[in-house]
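Below is one structure, written out as structure tokens, with a few remarks after it.
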Amino acid sequence: MFDRPGAPVPTATRIHPAQEALSLALGVALTLCVIGYTFGRSNHTVYLADAIRAVDPSLLARDWYTTKTLQYHSVYGWMTRLLLRWNLIEPAFALLYAGLVIALHLGIRVFIAILGGNWQTYLLAVVLFMVSAGGTGLGVYSILQDGSFLPSNVAAVATWWGIVLLAAGGGAVGPAGFALGIASLFHINYCPFTWLLWAAAMVVAFLSGKFNARSWAIGSIGLVLLTLPNAIPAAMHLPATGVVSMDVFVQLYVKLRHPHHLDPRNWPLALWISFFWTMPLALYAIASYPARLSPNMRRSIGVTYLVVMGGVFMALIFAGIFFVSERLVQASLYRFSPFILLMNCCLTAWWLWDMKGLTRSTISSLLGTLVLIITVVAVLARVGLFPAGPGAFLAPRFATLIVLAMLFTLVLFAWKLARSENNIVLTLAGVVCLIAIVGWGRYNGLAIIPEDPPAYYATCAWIRNNTPKDALIMVPPQEQAERIYGQRSVLINFKGVPQFSAELPEWKRRLSAVLGLDDLNTLPQPFPSTLEAIGLRYDRRDPSALLNVAGYYGVDYILTRRPISGWEAGLVGPPAAFEYLKSRPNIPADGPVADATGTPVYFIYHLTRGPASR
């Protein structure tokens, strides 16, 4: 498979269909364990809002974010609207996400095969990738961001396939252009990146004398045709830059709202280590065994390194240390770093396993040490030393762990039939199992964005069923779920930030008004601390000040995490609020409250029936 003239083919490269299928299933299962799957959380709360409004224009009609800011993921939006109309969005997104995970692993396996590696090499590469903070690159970006079906994830998997097909060369060059075109079709940030990657690869191929005009022409046509449906609408509606000063833009967009993505000084040491630790080994492998790499592979690796690392270093200097351009900041060039990380893990695995960079007994010792380290981390996380340990999502992942254990059993059986070294298998199995355990809750040593508690989702459902469609609600600004689960217009929240400077002033104005805070940059970092501080400030806000803001913006309902004295006439729900007040009458509260079971209680006040009408 992908044999090269003059390159020795070890006996282990023989194809065993059962082992190939089981190893791929194992890699997919490991990814689902570590990264997981979510629907309607995090970035979905932003991407799905526009589709909800498009399907039913009476919903979110008074929501400033969905009506006055640019929503620029055209194709993803069209797909989402169709699935919403057909009432298939949740099962369809689950299947599509599973397809993305499988496609990603098939791409990794093909890349390994082009290197000359086997299914054992592939498994080692996947383990290295999962050890690297679950495949997280600089800027806390990953190929499967949030474990959701997102436009960025479709684009990332398609881009990886473009890189792999360029590495295969020959007749695969044409499909590579189509793969990169799919990336541009789904995410506007990938348009300049994929075009630059394609152009650089074309120039290198031409200069090396390996230029097939027909293949490159087919690929170029595919890239152009697939890019235009997304690029043209976005280009036509891009707002002007420079509406606010660059300093204000950086303070709001970079340092306040996106420090985890865009401010390198805010990134933890673990992120830098997880990204760079395989790079020296990968570069050493390339330098030590250049003859073992096909010309196409060398060109693909070189071009990808040049384009991605060039972009990353440019972003670090001109959109990280110095901020010279709003568009350069918005390009989020760090989002392409996971491709380098994945490539490094594949090359490192290839060197360790196929090129015998280390003896297998040494590999066993290193992996055993890794098992010990991960075990210690897992135990410390379970006893609560780390703020977001794996126990948080233990129950939902239990079935996946059972499936993973079954797959390991089958892999061990298949490998034993092949008479391979079982000590390596057992060590590898132990590493993957422990990584899966540590991966629960997607714990990777980095900050995890907190989600709204289950009681809030129940409150959103009550709002959806008991308030008019055109209601405008003042919500606790740290919340993320109301637009999707309550499907009512929100005055403002922290999550729904616009992307362009022309839209930022209104977002700041509304958030400052609700919080009573002129300088939002005084809020603490990192991002979870920001959300917590926003929630506490809103809880302690003077009720009369909230009424003034609500009156100015024409708010119909105010949602709080505490009962407010004197507003009893306006309380309309949910039922848990009445139960709380019935069991605890006349208890003043200036912060969030909970019932006897510790469940947070939310209070919804209808202003035309309550204090605003008096």
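FYI, nothing fancy with the structure tokens labels: chains A, B, ... in order, residues from 1 per chain, ligands from 1 as they appear.
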
Can you tell me which residues surround Ser288 in chain A at a distance of at most 10 Å, considering only C-alpha atoms, apart from same-chain residues fewer than 5 positions away, and format the answer as a ChimeraX atom specification?
/A:282-283,351,355,357

Selection: 12 Å around Met246 in chain A, only C-alpha atoms, excl. self and same-chain fewer than 4 positions, as a PDB file with N, CA, C and O atoms, in the first residue's frame:
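As written to disk, part-v3.pdb reads:
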```pdb
ATOM      1  N   THR A 241     -13.902  48.395   8.593  1.00  0.00           N
ATOM      2  CA  THR A 241     -13.062  48.344   9.785  1.00  0.00           C
ATOM      3  C   THR A 241     -12.742  49.761  10.230  1.00  0.00           C
ATOM      4  O   THR A 241     -13.028  50.732   9.534  1.00  0.00           O
ATOM      5  N   GLY A 242     -12.155  49.872  11.422  1.00  0.00           N
ATOM      6  CA  GLY A 242     -11.718  51.172  11.908  1.00  0.00           C
ATOM      7  C   GLY A 242     -12.827  52.030  12.477  1.00  0.00           C
ATOM      8  O   GLY A 242     -12.628  53.228  12.706  1.00  0.00           O
ATOM      9  N   VAL A 250      -8.865  45.886  20.290  1.00  0.00           N
ATOM     10  CA  VAL A 250      -8.034  44.875  20.945  1.00  0.00           C
ATOM     11  C   VAL A 250      -8.509  44.639  22.376  1.00  0.00           C
ATOM     12  O   VAL A 250      -8.607  43.489  22.833  1.00  0.00           O
ATOM     13  N   GLN A 251      -8.813  45.722  23.089  1.00  0.00           N
ATOM     14  CA  GLN A 251      -9.245  45.581  24.471  1.00  0.00           C
ATOM     15  C   GLN A 251     -10.541  44.787  24.583  1.00  0.00           C
ATOM     16  O   GLN A 251     -10.690  43.924  25.464  1.00  0.00           O
ATOM     17  N   LEU A 252     -11.490  45.046  23.677  1.00  0.00           N
ATOM     18  CA  LEU A 252     -12.788  44.368  23.749  1.00  0.00           C
ATOM     19  C   LEU A 252     -12.757  42.978  23.121  1.00  0.00           C
ATOM     20  O   LEU A 252     -13.154  41.987  23.744  1.00  0.00           O
ATOM     21  N   TYR A 253     -12.284  42.907  21.880  1.00  0.00           N
ATOM     22  CA  TYR A 253     -12.404  41.671  21.108  1.00  0.00           C
ATOM     23  C   TYR A 253     -11.353  40.641  21.495  1.00  0.00           C
ATOM     24  O   TYR A 253     -11.652  39.443  21.601  1.00  0.00           O
ATOM     25  N   VAL A 254     -10.129  41.106  21.723  1.00  0.00           N
ATOM     26  CA  VAL A 254      -9.029  40.177  22.007  1.00  0.00           C
ATOM     27  C   VAL A 254      -8.904  39.915  23.502  1.00  0.00           C
ATOM     28  O   VAL A 254      -9.012  38.778  23.959  1.00  0.00           O
ATOM     29  N   ALA A 319      -0.367  40.144  15.487  1.00  0.00           N
ATOM     30  CA  ALA A 319      -1.722  40.094  16.055  1.00  0.00           C
ATOM     31  C   ALA A 319      -1.666  39.447  17.426  1.00  0.00           C
ATOM     32  O   ALA A 319      -2.670  38.889  17.883  1.00  0.00           O
ATOM     33  N   PHE A 322       2.207  42.844  18.758  1.00  0.00           N
ATOM     34  CA  PHE A 322       1.728  44.108  18.184  1.00  0.00           C
ATOM     35  C   PHE A 322       0.425  43.802  17.453  1.00  0.00           C
ATOM     36  O   PHE A 322       0.248  42.717  16.908  1.00  0.00           O
ATOM     37  N   PHE A 323      -0.483  44.745  17.449  1.00  0.00           N
ATOM     38  CA  PHE A 323      -1.766  44.564  16.765  1.00  0.00           C
ATOM     39  C   PHE A 323      -1.864  45.616  15.664  1.00  0.00           C
ATOM     40  O   PHE A 323      -2.132  46.784  15.913  1.00  0.00           O
ATOM     41  N   VAL A 324      -1.579  45.168  14.445  1.00  0.00           N
ATOM     42  CA  VAL A 324      -1.457  46.112  13.344  1.00  0.00           C
ATOM     43  C   VAL A 324      -2.691  46.150  12.452  1.00  0.00           C
ATOM     44  O   VAL A 324      -2.847  47.086  11.667  1.00  0.00           O
ATOM     45  N   SER A 325      -3.547  45.141  12.553  1.00  0.00           N
ATOM     46  CA  SER A 325      -4.675  45.080  11.626  1.00  0.00           C
ATOM     47  C   SER A 325      -5.841  44.328  12.257  1.00  0.00           C
ATOM     48  O   SER A 325      -5.674  43.234  12.807  1.00  0.00           O
ATOM     49  N   GLU A 326      -7.019  44.923  12.148  1.00  0.00           N
ATOM     50  CA  GLU A 326      -8.232  44.270  12.635  1.00  0.00           C
ATOM     51  C   GLU A 326      -8.509  42.988  11.863  1.00  0.00           C
ATOM     52  O   GLU A 326      -8.869  41.952  12.436  1.00  0.00           O
ATOM     53  N   ARG A 327      -8.339  43.023  10.549  1.00  0.00           N
ATOM     54  CA  ARG A 327      -8.596  41.844   9.725  1.00  0.00           C
ATOM     55  C   ARG A 327      -7.622  40.707  10.068  1.00  0.00           C
ATOM     56  O   ARG A 327      -8.003  39.535  10.054  1.00  0.00           O
ATOM     57  N   LEU A 328      -6.383  41.047  10.381  1.00  0.00           N
ATOM     58  CA  LEU A 328      -5.406  40.019  10.731  1.00  0.00           C
ATOM     59  C   LEU A 328      -5.801  39.343  12.044  1.00  0.00           C
ATOM     60  O   LEU A 328      -5.652  38.127  12.191  1.00  0.00           O
ATOM     61  N   VAL A 329      -6.300  40.111  12.983  1.00  0.00           N
ATOM     62  CA  VAL A 329      -6.781  39.534  14.238  1.00  0.00           C
ATOM     63  C   VAL A 329      -7.962  38.611  13.969  1.00  0.00           C
ATOM     64  O   VAL A 329      -8.034  37.477  14.469  1.00  0.00           O
ATOM     65  N   PHE A 500     -17.025  42.125  14.228  1.00  0.00           N
ATOM     66  CA  PHE A 500     -16.429  43.281  13.552  1.00  0.00           C
ATOM     67  C   PHE A 500     -16.534  44.533  14.410  1.00  0.00           C
ATOM     68  O   PHE A 500     -17.476  44.696  15.204  1.00  0.00           O
ATOM     69  N   SER A 501     -15.569  45.434  14.217  1.00  0.00           N
ATOM     70  CA  SER A 501     -15.500  46.628  15.052  1.00  0.00           C
ATOM     71  C   SER A 501     -16.711  47.523  14.879  1.00  0.00           C
ATOM     72  O   SER A 501     -17.096  48.239  15.807  1.00  0.00           O
ATOM     73  N   ALA A 502     -17.347  47.484  13.709  1.00  0.00           N
ATOM     74  CA  ALA A 502     -18.530  48.306  13.491  1.00  0.00           C
ATOM     75  C   ALA A 502     -19.685  47.888  14.389  1.00  0.00           C
ATOM     76  O   ALA A 502     -20.590  48.681  14.672  1.00  0.00           O
ATOM     77  N   LEU A 504     -19.143  46.183  17.475  1.00  0.00           N
ATOM     78  CA  LEU A 504     -18.726  46.052  18.873  1.00  0.00           C
ATOM     79  C   LEU A 504     -19.248  47.152  19.808  1.00  0.00           C
ATOM     80  O   LEU A 504     -19.592  46.859  20.955  1.00  0.00           O
TER      81      LEU A 504
END
```

What's the 8 Å shell around Ile188 in chain A, counting only C-alpha atoms, without same-chain residues fewer than 4 positions away, as a ChimeraX atom specification?
/A:72-73,184,230-231,234

Next, write the just-selected residues to a file, as a CSV table (one decimal), in the first residue's frame, keeping all heavy atoms as the atom set.
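File out_3.csv, as written:
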```csv
chain,number,residue,atom,x,y,z
A,72,TYR,N,-22.1,35.0,8.9
A,72,TYR,CA,-21.5,34.8,7.6
A,72,TYR,C,-21.1,33.3,7.2
A,72,TYR,O,-20.4,33.1,6.3
A,72,TYR,CB,-20.2,35.6,7.5
A,72,TYR,CG,-19.2,35.4,8.6
A,72,TYR,CD1,-18.3,34.3,8.6
A,72,TYR,CD2,-19.2,36.3,9.7
A,72,TYR,CE1,-17.4,34.1,9.7
A,72,TYR,CE2,-18.3,36.1,10.8
A,72,TYR,CZ,-17.4,35.0,10.7
A,72,TYR,OH,-16.6,34.8,11.8
A,73,HIS,N,-21.7,32.4,7.9
A,73,HIS,CA,-21.4,31.0,7.5
A,73,HIS,C,-22.6,30.5,6.7
A,73,HIS,O,-23.5,29.8,7.1
A,73,HIS,CB,-21.3,30.1,8.8
A,73,HIS,CG,-20.1,30.5,9.6
A,73,HIS,ND1,-18.8,30.3,9.2
A,73,HIS,CD2,-20.0,31.0,10.8
A,73,HIS,CE1,-18.0,30.7,10.1
A,73,HIS,NE2,-18.7,31.2,11.1
A,184,SER,N,-13.2,25.9,2.3
A,184,SER,CA,-13.6,27.3,2.0
A,184,SER,C,-15.1,27.5,1.9
A,184,SER,O,-15.6,28.6,2.3
A,184,SER,CB,-13.0,27.8,0.7
A,184,SER,OG,-11.5,27.8,0.8
A,230,ASN,N,-19.5,30.8,-0.7
A,230,ASN,CA,-19.4,31.3,0.6
A,230,ASN,C,-18.6,32.7,0.6
A,230,ASN,O,-19.0,33.6,1.4
A,230,ASN,CB,-18.6,30.4,1.5
A,230,ASN,CG,-18.7,30.7,3.0
A,230,ASN,OD1,-19.6,31.3,3.4
A,230,ASN,ND2,-17.7,30.2,3.7
A,231,ALA,N,-17.7,32.8,-0.2
A,231,ALA,CA,-16.8,34.0,-0.2
A,231,ALA,C,-17.6,35.3,-0.7
A,231,ALA,O,-17.4,36.4,-0.2
A,231,ALA,CB,-15.6,33.8,-1.1
A,234,ALA,N,-20.1,36.8,1.8
A,234,ALA,CA,-19.4,37.4,2.9
A,234,ALA,C,-18.7,38.7,2.5
A,234,ALA,O,-18.7,39.7,3.2
A,234,ALA,CB,-18.4,36.4,3.5
```

I want to know what sits within 7 Å of Gly535 in chain A, based on only C-alpha atoms, with residues of the same chain fewer than 5 positions away left out; could you give that as a PyMOL selection string?
chain A and resi 476-478

For Arg537 in chain A: contacts at 12 Å, only C-alpha atoms, fewer than 3 positions along chain excluded, given as a short mmCIF file (atom, residue, chain, number, x, y, z; two decimals) with C-alpha atoms, in the first residue's frame:
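Writing done, so here's around-v2.cif:
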```cif
data_model
loop_
_atom_site.label_atom_id
_atom_site.label_comp_id
_atom_site.auth_asym_id
_atom_site.auth_seq_id
_atom_site.Cartn_x
_atom_site.Cartn_y
_atom_site.Cartn_z
CA PRO A 476 -28.00 37.04 33.28
CA PRO A 477 -25.32 38.07 30.75
CA GLN A 478 -23.09 35.06 31.45
CA LEU A 511 -23.37 44.87 28.35
CA SER A 512 -22.06 47.88 30.28
CA ALA A 513 -25.60 49.11 30.89
CA VAL A 514 -26.82 45.76 32.25
CA LEU A 515 -23.76 45.31 34.48
CA GLY A 516 -23.36 48.95 35.46
CA LEU A 517 -19.70 48.72 34.48
CA LEU A 520 -15.42 45.89 31.00
CA LEU A 523 -13.41 41.90 34.72
CA PRO A 524 -11.06 39.07 35.78
CA THR A 530 -14.97 36.37 33.50
CA LEU A 531 -18.30 34.55 33.23
CA GLU A 532 -18.43 34.00 36.99
CA ALA A 533 -17.71 37.66 37.72
CA ILE A 534 -20.37 38.79 35.22
CA ARG A 540 -26.02 42.10 42.94
CA ARG A 541 -27.22 44.81 40.59
CA ASP A 542 -29.61 47.33 42.11
CA LEU A 546 -32.18 47.01 36.08
CA THR A 560 -32.71 36.70 37.70
CA ARG A 561 -31.05 34.12 39.93
CA ASP A 590 -28.50 39.51 47.10
CA GLY A 591 -27.02 36.58 45.22
CA PRO A 592 -27.96 33.32 43.51
#
```

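Between His260 in chain A and the residues A:Ala29, A:Val140, A:Ala576, A:Val75, the shortest atom-to-atom distance, using only C-alpha atoms, involves A:Val140.
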
From A:Ala213, A:Leu83, A:Leu60, A:Leu226, residue lying nearest Phe178 in chain A [only C-alpha atoms]
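Ranked by minimum distance to Phe178 in chain A, first place goes to A:Leu226.
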